[in-house]
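Everything below belongs to my_file-v9.pdb, which stores PDB, C-alpha atoms, pLDDT in the B column.
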```pdb
ATOM      1  CA  GLY A 181     115.645 101.693  89.656  1.00 53.00           C
ATOM      2  CA  ALA A 182     118.123 103.161  92.061  1.00 81.00           C
ATOM      3  CA  GLY A 183     115.599 103.909  94.760  1.00 93.00           C
ATOM      4  CA  VAL A 184     111.965 103.592  95.730  1.00 96.00           C
ATOM      5  CA  SER A 185     109.809 105.520  93.295  1.00 96.00           C
ATOM      6  CA  GLN A 186     106.362 106.845  94.126  1.00 97.00           C
ATOM      7  CA  THR A 187     103.898 108.379  91.717  1.00 97.00           C
ATOM      8  CA  PRO A 188     102.342 110.830  91.595  1.00 97.00           C
ATOM      9  CA  SER A 189     104.351 113.103  93.850  1.00 96.00           C
ATOM     10  CA  ASN A 190     101.265 115.236  94.442  1.00 97.00           C
ATOM     11  CA  LYS A 191      97.601 114.426  94.078  1.00 98.00           C
ATOM     12  CA  VAL A 192      94.667 116.732  94.653  1.00 98.00           C
ATOM     13  CA  THR A 193      91.253 115.108  94.562  1.00 98.00           C
ATOM     14  CA  GLU A 194      87.714 115.983  95.470  1.00 97.00           C
ATOM     15  CA  LYS A 195      85.997 114.491  98.455  1.00 97.00           C
ATOM     16  CA  GLY A 196      84.301 111.238  97.519  1.00 97.00           C
ATOM     17  CA  LYS A 197      86.590 110.418  94.613  1.00 98.00           C
ATOM     18  CA  TYR A 198      88.736 107.309  94.176  1.00 98.00           C
ATOM     19  CA  VAL A 199      92.541 107.552  94.077  1.00 98.00           C
ATOM     20  CA  GLU A 200      95.412 105.194  93.365  1.00 98.00           C
ATOM     21  CA  LEU A 201      98.940 105.737  94.618  1.00 98.00           C
ATOM     22  CA  ARG A 202     101.763 103.775  93.053  1.00 98.00           C
ATOM     23  CA  CYS A 203     105.005 102.494  94.545  1.00 98.00           C
ATOM     24  CA  ASP A 204     107.884 100.958  92.621  1.00 97.00           C
ATOM     25  CA  PRO A 205     110.317  99.401  95.120  1.00 96.00           C
ATOM     26  CA  ILE A 206     114.005  98.763  94.805  1.00 95.00           C
ATOM     27  CA  SER A 207     114.580  95.820  92.499  1.00 93.00           C
ATOM     28  CA  GLY A 208     114.883  92.558  94.414  1.00 90.00           C
ATOM     29  CA  HIS A 209     113.332  93.836  97.613  1.00 92.00           C
ATOM     30  CA  THR A 210     110.788  91.315  98.820  1.00 91.00           C
ATOM     31  CA  ALA A 211     109.216  93.449 101.536  1.00 92.00           C
ATOM     32  CA  LEU A 212     107.149  96.540 100.782  1.00 95.00           C
ATOM     33  CA  TYR A 213     105.572  98.868 103.296  1.00 95.00           C
ATOM     34  CA  TRP A 214     102.999 101.644 103.150  1.00 97.00           C
ATOM     35  CA  TYR A 215     102.908 104.405 105.748  1.00 97.00           C
ATOM     36  CA  ARG A 216     100.857 107.570 106.174  1.00 98.00           C
ATOM     37  CA  GLN A 217     102.410 110.696 107.618  1.00 97.00           C
ATOM     38  CA  SER A 218     100.340 113.640 108.754  1.00 95.00           C
ATOM     39  CA  LEU A 219     101.909 117.052 109.282  1.00 90.00           C
ATOM     40  CA  GLY A 220     104.223 117.078 112.286  1.00 87.00           C
ATOM     41  CA  GLN A 221     103.728 113.388 113.005  1.00 91.00           C
ATOM     42  CA  GLY A 222     105.740 110.240 112.555  1.00 94.00           C
ATOM     43  CA  PRO A 223     104.967 107.704 109.841  1.00 96.00           C
ATOM     44  CA  GLU A 224     101.916 105.618 110.715  1.00 96.00           C
ATOM     45  CA  PHE A 225     102.008 102.002 109.575  1.00 95.00           C
ATOM     46  CA  LEU A 226      99.310 100.923 107.124  1.00 97.00           C
ATOM     47  CA  ILE A 227     100.278  97.610 105.520  1.00 96.00           C
ATOM     48  CA  TYR A 228     103.229  95.531 104.487  1.00 92.00           C
ATOM     49  CA  PHE A 229     103.733  92.887 101.830  1.00 93.00           C
ATOM     50  CA  GLN A 230     106.023  89.929 101.741  1.00 90.00           C
ATOM     51  CA  GLY A 231     106.169  89.110  98.071  1.00 89.00           C
ATOM     52  CA  THR A 232     102.656  89.274  96.660  1.00 91.00           C
ATOM     53  CA  GLY A 233     100.757  88.710  99.888  1.00 90.00           C
ATOM     54  CA  ALA A 234      99.796  91.209 102.549  1.00 89.00           C
ATOM     55  CA  ALA A 235     101.584  89.943 105.642  1.00 87.00           C
ATOM     56  CA  ASP A 236     100.121  92.558 107.953  1.00 90.00           C
ATOM     57  CA  ASP A 237      97.309  94.963 107.074  1.00 93.00           C
ATOM     58  CA  SER A 238      96.444  95.886 110.636  1.00 92.00           C
ATOM     59  CA  GLY A 239      97.162  99.567 110.045  1.00 94.00           C
ATOM     60  CA  LEU A 240      94.597 100.148 107.322  1.00 96.00           C
ATOM     61  CA  PRO A 241      92.127 102.561 108.947  1.00 95.00           C
ATOM     62  CA  ASN A 242      88.962 101.175 107.339  1.00 95.00           C
ATOM     63  CA  ASP A 243      87.658  99.297 104.332  1.00 95.00           C
ATOM     64  CA  ARG A 244      88.024 102.326 102.079  1.00 97.00           C
ATOM     65  CA  PHE A 245      91.745 101.559 101.987  1.00 98.00           C
ATOM     66  CA  PHE A 246      93.122  98.648 100.023  1.00 97.00           C
ATOM     67  CA  ALA A 247      96.534  97.761  98.625  1.00 97.00           C
ATOM     68  CA  VAL A 248      97.783  95.215  96.119  1.00 97.00           C
ATOM     69  CA  ARG A 249     101.099  93.899  94.892  1.00 96.00           C
ATOM     70  CA  PRO A 250     100.094  91.384  92.235  1.00 95.00           C
ATOM     71  CA  GLU A 251     103.529  90.446  90.910  1.00 93.00           C
ATOM     72  CA  GLY A 252     105.577  91.000  94.019  1.00 90.00           C
ATOM     73  CA  SER A 253     107.097  94.224  92.767  1.00 94.00           C
ATOM     74  CA  VAL A 254     105.002  97.360  92.128  1.00 97.00           C
ATOM     75  CA  SER A 255     102.297  98.084  94.668  1.00 98.00           C
ATOM     76  CA  THR A 256      99.203 100.260  94.469  1.00 98.00           C
ATOM     77  CA  LEU A 257      97.430 101.797  97.434  1.00 98.00           C
ATOM     78  CA  LYS A 258      93.791 102.410  96.627  1.00 98.00           C
ATOM     79  CA  ILE A 259      91.517 104.762  98.540  1.00 98.00           C
ATOM     80  CA  GLN A 260      87.807 104.814  97.833  1.00 98.00           C
ATOM     81  CA  ARG A 261      85.366 107.605  98.669  1.00 98.00           C
ATOM     82  CA  THR A 262      88.150 109.881  99.857  1.00 98.00           C
ATOM     83  CA  GLU A 263      87.577 112.099 102.862  1.00 97.00           C
ATOM     84  CA  ARG A 264      89.336 115.313 103.884  1.00 97.00           C
ATOM     85  CA  GLY A 265      90.888 113.416 106.785  1.00 96.00           C
ATOM     86  CA  ASP A 266      92.744 111.217 104.289  1.00 97.00           C
ATOM     87  CA  SER A 267      94.935 114.187 103.368  1.00 97.00           C
ATOM     88  CA  ALA A 268      98.515 113.277 104.252  1.00 97.00           C
ATOM     89  CA  VAL A 269     101.814 112.182 102.754  1.00 97.00           C
ATOM     90  CA  TYR A 270     101.733 108.504 101.852  1.00 98.00           C
ATOM     91  CA  LEU A 271     105.150 106.909 102.116  1.00 97.00           C
ATOM     92  CA  CYS A 272     106.243 103.663 100.569  1.00 97.00           C
ATOM     93  CA  ALA A 273     109.314 101.735 101.692  1.00 96.00           C
ATOM     94  CA  SER A 274     110.995  98.519 100.685  1.00 94.00           C
ATOM     95  CA  SER A 275     113.564  96.250 102.276  1.00 91.00           C
ATOM     96  CA  LEU A 276     115.619  93.329 101.121  1.00 86.00           C
ATOM     97  CA  MET A 277     113.881  90.795 103.311  1.00 74.00           C
ATOM     98  CA  VAL A 278     111.104  90.773 105.825  1.00 65.00           C
ATOM     99  CA  SER A 279     112.908  88.912 108.570  1.00 68.00           C
ATOM    100  CA  GLY A 280     116.291  90.006 109.796  1.00 72.00           C
ATOM    101  CA  LEU A 281     115.906  92.740 112.349  1.00 75.00           C
ATOM    102  CA  ASN A 282     118.860  94.733 111.080  1.00 78.00           C
ATOM    103  CA  THR A 283     117.347  95.278 107.668  1.00 83.00           C
ATOM    104  CA  GLU A 284     116.686  98.940 107.132  1.00 88.00           C
ATOM    105  CA  ALA A 285     113.786 100.121 105.050  1.00 91.00           C
ATOM    106  CA  PHE A 286     114.421 102.434 102.103  1.00 94.00           C
ATOM    107  CA  PHE A 287     111.767 105.074 101.616  1.00 96.00           C
ATOM    108  CA  GLY A 288     110.393 106.834  98.583  1.00 96.00           C
ATOM    109  CA  GLN A 289     109.769 110.569  98.408  1.00 94.00           C
ATOM    110  CA  GLY A 290     106.107 110.081  99.178  1.00 96.00           C
ATOM    111  CA  THR A 291     102.846 111.103  97.560  1.00 97.00           C
ATOM    112  CA  ARG A 292     101.208 114.171  99.032  1.00 97.00           C
ATOM    113  CA  LEU A 293      97.461 113.590  98.887  1.00 98.00           C
ATOM    114  CA  THR A 294      95.122 116.533  99.356  1.00 98.00           C
ATOM    115  CA  VAL A 295      91.398 115.939  99.496  1.00 98.00           C
ATOM    116  CA  VAL A 296      89.382 119.103  98.942  1.00 97.00           C
TER     117      VAL A 296
ATOM    118  CA  ALA B 157     102.131  96.426 122.206  1.00 67.00           C
ATOM    119  CA  GLN B 158     105.190  98.035 120.790  1.00 74.00           C
ATOM    120  CA  LYS B 159     105.534 101.773 121.247  1.00 91.00           C
ATOM    121  CA  ILE B 160     108.144 104.427 120.629  1.00 96.00           C
ATOM    122  CA  THR B 161     108.242 107.646 122.641  1.00 96.00           C
ATOM    123  CA  GLN B 162     110.164 110.750 121.669  1.00 97.00           C
ATOM    124  CA  THR B 163     109.549 113.420 124.275  1.00 96.00           C
ATOM    125  CA  GLN B 164     111.421 116.305 122.645  1.00 96.00           C
ATOM    126  CA  PRO B 165     109.295 117.966 119.965  1.00 94.00           C
ATOM    127  CA  GLY B 166     112.115 120.382 119.159  1.00 96.00           C
ATOM    128  CA  MET B 167     115.788 120.851 119.958  1.00 96.00           C
ATOM    129  CA  PHE B 168     118.368 123.515 119.239  1.00 97.00           C
ATOM    130  CA  VAL B 169     122.111 122.977 119.100  1.00 97.00           C
ATOM    131  CA  GLN B 170     124.996 125.232 118.262  1.00 98.00           C
ATOM    132  CA  GLU B 171     127.034 124.286 115.226  1.00 97.00           C
ATOM    133  CA  LYS B 172     129.981 121.992 116.102  1.00 97.00           C
ATOM    134  CA  GLU B 173     128.412 121.007 119.412  1.00 98.00           C
ATOM    135  CA  ALA B 174     127.040 117.545 120.266  1.00 98.00           C
ATOM    136  CA  VAL B 175     123.339 116.882 120.802  1.00 98.00           C
ATOM    137  CA  THR B 176     121.360 113.960 122.203  1.00 98.00           C
ATOM    138  CA  LEU B 177     117.909 113.073 120.921  1.00 98.00           C
ATOM    139  CA  ASP B 178     115.888 110.928 123.278  1.00 98.00           C
ATOM    140  CA  CYS B 179     113.998 107.752 122.457  1.00 98.00           C
ATOM    141  CA  THR B 180     112.344 105.257 124.754  1.00 97.00           C
ATOM    142  CA  TYR B 181     110.536 102.149 123.646  1.00 96.00           C
ATOM    143  CA  ASP B 182     108.160  99.565 124.976  1.00 94.00           C
ATOM    144  CA  THR B 183     108.128  95.954 123.906  1.00 90.00           C
ATOM    145  CA  SER B 184     107.606  92.541 125.429  1.00 87.00           C
ATOM    146  CA  ASP B 185     109.869  90.880 122.872  1.00 86.00           C
ATOM    147  CA  GLN B 186     113.436  89.928 123.692  1.00 86.00           C
ATOM    148  CA  SER B 187     114.487  90.271 120.078  1.00 87.00           C
ATOM    149  CA  TYR B 188     114.064  93.642 118.411  1.00 90.00           C
ATOM    150  CA  GLY B 189     115.876  96.232 116.372  1.00 92.00           C
ATOM    151  CA  LEU B 190     116.047  99.980 116.837  1.00 95.00           C
ATOM    152  CA  PHE B 191     116.562 102.461 114.025  1.00 96.00           C
ATOM    153  CA  TRP B 192     117.035 106.178 113.625  1.00 98.00           C
ATOM    154  CA  TYR B 193     115.946 108.001 110.494  1.00 97.00           C
ATOM    155  CA  LYS B 194     116.475 111.605 109.408  1.00 97.00           C
ATOM    156  CA  GLN B 195     113.819 113.468 107.445  1.00 96.00           C
ATOM    157  CA  PRO B 196     114.971 116.787 105.938  1.00 95.00           C
ATOM    158  CA  SER B 197     112.454 119.348 104.762  1.00 92.00           C
ATOM    159  CA  SER B 198     112.517 117.713 101.323  1.00 89.00           C
ATOM    160  CA  GLY B 199     110.642 114.776 102.858  1.00 89.00           C
ATOM    161  CA  GLU B 200     112.757 111.714 102.187  1.00 89.00           C
ATOM    162  CA  MET B 201     113.503 109.369 105.079  1.00 94.00           C
ATOM    163  CA  ILE B 202     117.207 108.656 105.421  1.00 95.00           C
ATOM    164  CA  PHE B 203     118.454 105.712 107.468  1.00 95.00           C
ATOM    165  CA  LEU B 204     121.128 106.704 109.982  1.00 97.00           C
ATOM    166  CA  ILE B 205     121.922 103.915 112.420  1.00 96.00           C
ATOM    167  CA  TYR B 206     120.757 100.550 113.757  1.00 95.00           C
ATOM    168  CA  GLN B 207     121.020  98.851 117.153  1.00 95.00           C
ATOM    169  CA  GLY B 208     120.019  95.258 117.795  1.00 92.00           C
ATOM    170  CA  SER B 209     118.654  94.187 121.152  1.00 92.00           C
ATOM    171  CA  TYR B 210     121.425  91.623 121.550  1.00 91.00           C
ATOM    172  CA  ASP B 211     124.234  93.944 120.503  1.00 90.00           C
ATOM    173  CA  GLU B 212     126.567  94.509 123.421  1.00 87.00           C
ATOM    174  CA  GLN B 213     128.309  97.480 121.902  1.00 92.00           C
ATOM    175  CA  ASN B 214     126.636 100.793 121.188  1.00 94.00           C
ATOM    176  CA  ALA B 215     126.264 101.352 117.458  1.00 94.00           C
ATOM    177  CA  THR B 216     128.285 104.065 115.768  1.00 95.00           C
ATOM    178  CA  GLU B 217     128.157 105.429 112.218  1.00 95.00           C
ATOM    179  CA  GLY B 218     130.449 108.366 111.616  1.00 97.00           C
ATOM    180  CA  ARG B 219     129.155 111.300 113.653  1.00 97.00           C
ATOM    181  CA  TYR B 220     126.142 109.299 114.824  1.00 98.00           C
ATOM    182  CA  SER B 221     126.183 107.038 117.837  1.00 97.00           C
ATOM    183  CA  LEU B 222     123.445 105.320 119.733  1.00 97.00           C
ATOM    184  CA  ASN B 223     123.393 105.340 123.530  1.00 96.00           C
ATOM    185  CA  PHE B 224     121.603 102.040 124.127  1.00 96.00           C
ATOM    186  CA  GLN B 225     120.438 101.354 127.682  1.00 96.00           C
ATOM    187  CA  LYS B 226     118.497  98.119 127.506  1.00 94.00           C
ATOM    188  CA  ALA B 227     117.336  98.023 131.113  1.00 94.00           C
ATOM    189  CA  ARG B 228     115.884 101.511 130.747  1.00 95.00           C
ATOM    190  CA  LYS B 229     114.530 100.726 127.285  1.00 95.00           C
ATOM    191  CA  SER B 230     116.156 103.779 125.830  1.00 97.00           C
ATOM    192  CA  ALA B 231     118.019 104.273 122.557  1.00 97.00           C
ATOM    193  CA  ASN B 232     119.156 107.867 122.380  1.00 98.00           C
ATOM    194  CA  LEU B 233     120.833 109.239 119.270  1.00 98.00           C
ATOM    195  CA  VAL B 234     123.969 111.295 119.773  1.00 98.00           C
ATOM    196  CA  ILE B 235     125.107 113.553 116.966  1.00 98.00           C
ATOM    197  CA  SER B 236     128.618 114.874 117.434  1.00 97.00           C
ATOM    198  CA  ALA B 237     130.062 118.005 115.825  1.00 97.00           C
ATOM    199  CA  SER B 238     126.674 119.215 114.577  1.00 97.00           C
ATOM    200  CA  GLN B 239     126.501 120.724 111.109  1.00 97.00           C
ATOM    201  CA  LEU B 240     123.930 123.061 109.587  1.00 97.00           C
ATOM    202  CA  GLY B 241     122.849 120.220 107.312  1.00 97.00           C
ATOM    203  CA  ASP B 242     121.807 118.204 110.348  1.00 98.00           C
ATOM    204  CA  SER B 243     118.736 120.422 110.736  1.00 98.00           C
ATOM    205  CA  ALA B 244     115.830 118.048 110.125  1.00 97.00           C
ATOM    206  CA  MET B 245     113.229 115.841 111.772  1.00 97.00           C
ATOM    207  CA  TYR B 246     114.627 112.745 113.451  1.00 98.00           C
ATOM    208  CA  PHE B 247     112.578 109.609 114.006  1.00 98.00           C
ATOM    209  CA  CYS B 248     113.274 106.649 116.215  1.00 98.00           C
ATOM    210  CA  ALA B 249     111.763 103.352 115.074  1.00 96.00           C
ATOM    211  CA  MET B 250     111.555  99.780 116.317  1.00 93.00           C
ATOM    212  CA  ARG B 251     111.096  96.435 114.676  1.00 89.00           C
ATOM    213  CA  GLU B 252     110.195  93.315 116.641  1.00 79.00           C
ATOM    214  CA  GLY B 253     111.203  89.792 115.736  1.00 68.00           C
ATOM    215  CA  THR B 254     109.733  87.031 117.832  1.00 63.00           C
ATOM    216  CA  SER B 255     106.132  88.152 117.609  1.00 63.00           C
ATOM    217  CA  GLY B 256     106.234  87.545 113.881  1.00 60.00           C
ATOM    218  CA  THR B 257     105.331  91.009 112.750  1.00 70.00           C
ATOM    219  CA  TYR B 258     108.177  92.863 111.099  1.00 80.00           C
ATOM    220  CA  LYS B 259     106.674  96.279 110.650  1.00 87.00           C
ATOM    221  CA  TYR B 260     108.599  99.348 111.694  1.00 91.00           C
ATOM    222  CA  ILE B 261     106.911 101.449 114.372  1.00 92.00           C
ATOM    223  CA  PHE B 262     107.932 105.109 114.490  1.00 95.00           C
ATOM    224  CA  GLY B 263     107.899 107.751 117.184  1.00 96.00           C
ATOM    225  CA  THR B 264     106.499 111.246 116.711  1.00 96.00           C
ATOM    226  CA  GLY B 265     109.907 112.693 115.963  1.00 97.00           C
ATOM    227  CA  THR B 266     112.174 115.489 117.166  1.00 98.00           C
ATOM    228  CA  ARG B 267     112.826 118.574 115.069  1.00 97.00           C
ATOM    229  CA  LEU B 268     116.475 119.559 115.345  1.00 98.00           C
ATOM    230  CA  LYS B 269     117.673 123.028 114.445  1.00 98.00           C
ATOM    231  CA  VAL B 270     121.406 123.654 114.204  1.00 98.00           C
ATOM    232  CA  LEU B 271     122.369 127.256 114.828  1.00 97.00           C
ATOM    233  CA  ALA B 272     125.301 128.951 113.101  1.00 95.00           C
TER     234      ALA B 272
END
```
Any chance you could put this one into structure tokens?
Amino acid sequence: GAGVSQTPSNKVTEKGKYVELRCDPISGHTALYWYRQSLGQGPEFLIYFQGTGAADDSGLPNDRFFAVRPEGSVSTLKIQRTERGDSAVYLCASSLMVSGLNTEAFFGQGTRLTVV
Amino acid sequence: AQKITQTQPGMFVQEKEAVTLDCTYDTSDQSYGLFWYKQPSSGEMIFLIYQGSYDEQNATEGRYSLNFQKARKSANLVISASQLGDSAMYFCAMREGTSGTYKYIFGTGTRLKVLA
């Protein structure tokens, strides 16, 4: 596709439920990033993938959060036993290569998650 | 640890005037990249400009320029001839190289309002 695509754009779920957020990066981009953005804050790093493997998952807040990228393209962020504090916009970004400091990341429109 | 600080939560500027958005950073790496992104109310993150730590010249992209002062660890964004469409959140971000982690770390952002 032309840009990074995230689905759904909005998700409302009940506390305790399981949710999956999908990211389809720009074709050919080897690096994929997940961020969480709360209202009025900057994007908070969660995890990034180089190809199929998670190169850095140090930003995942706890073991309720997990992400996969099985074929090195589409990624899914999975949140178990959701809590109201998980409510935020989840942003996905991709870049052409992981290394190369001048490589900008291209962001999707985000998924707004609301846990009620 | 890498850190980005944006001390201006909000800024106003008159249309057609120039405005400077502040960004300071903290890193122990010698090799790093600095980015500015714009986030309009629609939510997408738009890449504006990049500055590498070894670049001797300040980066410029159209009406955007980066005032890079390496010794002070500052990378301020200058927007010249402000337009109403420049009203948005602006985020400074950094990416380190030698430490092996290529994630982008964002500041808390500055909300810019351009006045007619």
* Asked: Quick one: of B:Lys172, B:Lys194, B:Lys159, B:Arg228, who's nearest to Ile261 of chain B, counting all atoms listed in the file?
  ->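 Of B:Lys172, B:Lys194, B:Lys159, B:Arg228, the one nearest Ile261 of chain B is B:Lys159, counting all atoms listed in the file.
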How close does chain B get to chain A? List, as CSV, each residue of chain B within 6 Å, its nearest atom pair and the distance in Å to one decimal, counting all atoms listed in the file.
```
residue,atom,partner,partner_atom,distance
B:Gly189,CA,A:Leu281,CA,5.3
B:Glu200,CA,A:Gln289,CA,5.0
B:Met201,CA,A:Phe287,CA,5.8
B:Phe262,CA,A:Gly222,CA,5.9
B:Gly263,CA,A:Gly222,CA,5.7
B:Thr264,CA,A:Gly222,CA,4.3
B:Gly265,CA,A:Gly222,CA,5.9
```
* Structure fact -> Gln195 of chain B proximity check over B:Asp242, B:Asp211, B:Asp178, B:Glu217, using all atoms listed in the file: winner is B:Asp242
* Could you name the residues that touch Lys197 of chain A at 8 Å or less, counting only C-alpha atoms, but leaving out those on the same chain fewer than 2 positions away, as a list in words? ->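 Skipping anything fewer than 2 positions along the chain leaves Thr193, Glu194, Lys195, Val199, Gln260, Arg261 and Thr262 of chain A.
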* Could you pull the residues within 10 Å of Ser243 of chain B, counting only C-alpha atoms, minus those fewer than 2 positions along the same chain, as a list of chain:residue names? ->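 Non-adjacent residues within range: B:Met167, B:Phe168, B:Val169, B:Lys194, B:Gln195, B:Pro196, B:Ser197, B:Ser238, B:Gln239, B:Leu240, B:Gly241, B:Met245, B:Tyr246, B:Arg267, B:Leu268, B:Lys269, B:Val270, B:Leu271.
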* Could you check how far atom CA of Lys226 of chain B sits from atom CA of Gln170 of chain B, in Å to one decimal? => 29.4 Å
* Neighbours of segment 180-186 of chain B within 12 Å (all atoms listed in the file; same-chain residues fewer than 3 positions away dropped), as a PyMOL selection string? -> (chain A and resi 281) or (chain B and resi 157-164+177+189-191+208-211+223-233+247-257+261-265)
* To do: Measure the distance from atom CA of Pro250 of chain A to atom CA of Thr232 of chain A in Å and round it to one decimal.
  =>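 Here the two named atoms are 5.5 Å from each other.
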Given the PyMOL selection byres ((chain A and resi 192) around 9), the residues it picks as an mmCIF file with C-alpha atoms, in the coordinates of the input:
```cif
data_model
loop_
_atom_site.group_PDB
_atom_site.id
_atom_site.type_symbol
_atom_site.label_atom_id
_atom_site.label_comp_id
_atom_site.auth_asym_id
_atom_site.auth_seq_id
_atom_site.Cartn_x
_atom_site.Cartn_y
_atom_site.Cartn_z
ATOM 1 C CA ASN A 190 101.265 115.236 94.442
ATOM 2 C CA LYS A 191 97.601 114.426 94.078
ATOM 3 C CA THR A 193 91.253 115.108 94.562
ATOM 4 C CA GLU A 194 87.714 115.983 95.470
ATOM 5 C CA ARG A 292 101.208 114.171 99.032
ATOM 6 C CA LEU A 293 97.461 113.590 98.887
ATOM 7 C CA THR A 294 95.122 116.533 99.356
ATOM 8 C CA VAL A 295 91.398 115.939 99.496
ATOM 9 C CA VAL A 296 89.382 119.103 98.942
#
```
* Within 8 Å of (131.3, 112.2, 113.5), in the coordinates the file gives, what residues turn up when you count all atoms listed in the file, written out as a list in words? -> Glu217, Gly218, Arg219, Tyr220, Ile235, Ser236 and Ala237 of chain B
* Could you work out how far atom CA of Tyr258 of chain B lies from atom CA of Thr291 of chain A, giving the answer in Å with one decimal? ->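 So the answer is 23.3 Å.
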Quick one: residues within 9 Å of Lys258 of chain A, only C-alpha atoms, excluding same-chain residues fewer than 2 positions away - as a PDB file with C-alpha atoms, in the coordinates of the input?
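And here is the file that came out, selection.pdb:
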```pdb
ATOM      1  CA  TYR A 198      88.736 107.309  94.176  1.00 98.00           C
ATOM      2  CA  VAL A 199      92.541 107.552  94.077  1.00 98.00           C
ATOM      3  CA  GLU A 200      95.412 105.194  93.365  1.00 98.00           C
ATOM      4  CA  LEU A 201      98.940 105.737  94.618  1.00 98.00           C
ATOM      5  CA  ARG A 202     101.763 103.775  93.053  1.00 98.00           C
ATOM      6  CA  ARG A 244      88.024 102.326 102.079  1.00 97.00           C
ATOM      7  CA  PHE A 245      91.745 101.559 101.987  1.00 98.00           C
ATOM      8  CA  PHE A 246      93.122  98.648 100.023  1.00 97.00           C
ATOM      9  CA  ALA A 247      96.534  97.761  98.625  1.00 97.00           C
ATOM     10  CA  VAL A 248      97.783  95.215  96.119  1.00 97.00           C
ATOM     11  CA  THR A 256      99.203 100.260  94.469  1.00 98.00           C
ATOM     12  CA  GLN A 260      87.807 104.814  97.833  1.00 98.00           C
TER      13      GLN A 260
END
```
* Pick from B:Leu222, B:Glu173, B:Tyr193, B:Gln213: nearest to Tyr260 of chain B, with only C-alpha atoms counted? -> B:Tyr193
* Close residues, Val184 of chain A itself excluded, 6 Å, only C-alpha atoms, min 3 positions apart in chain, as a ChimeraX atom specification -> /A:204-206,288
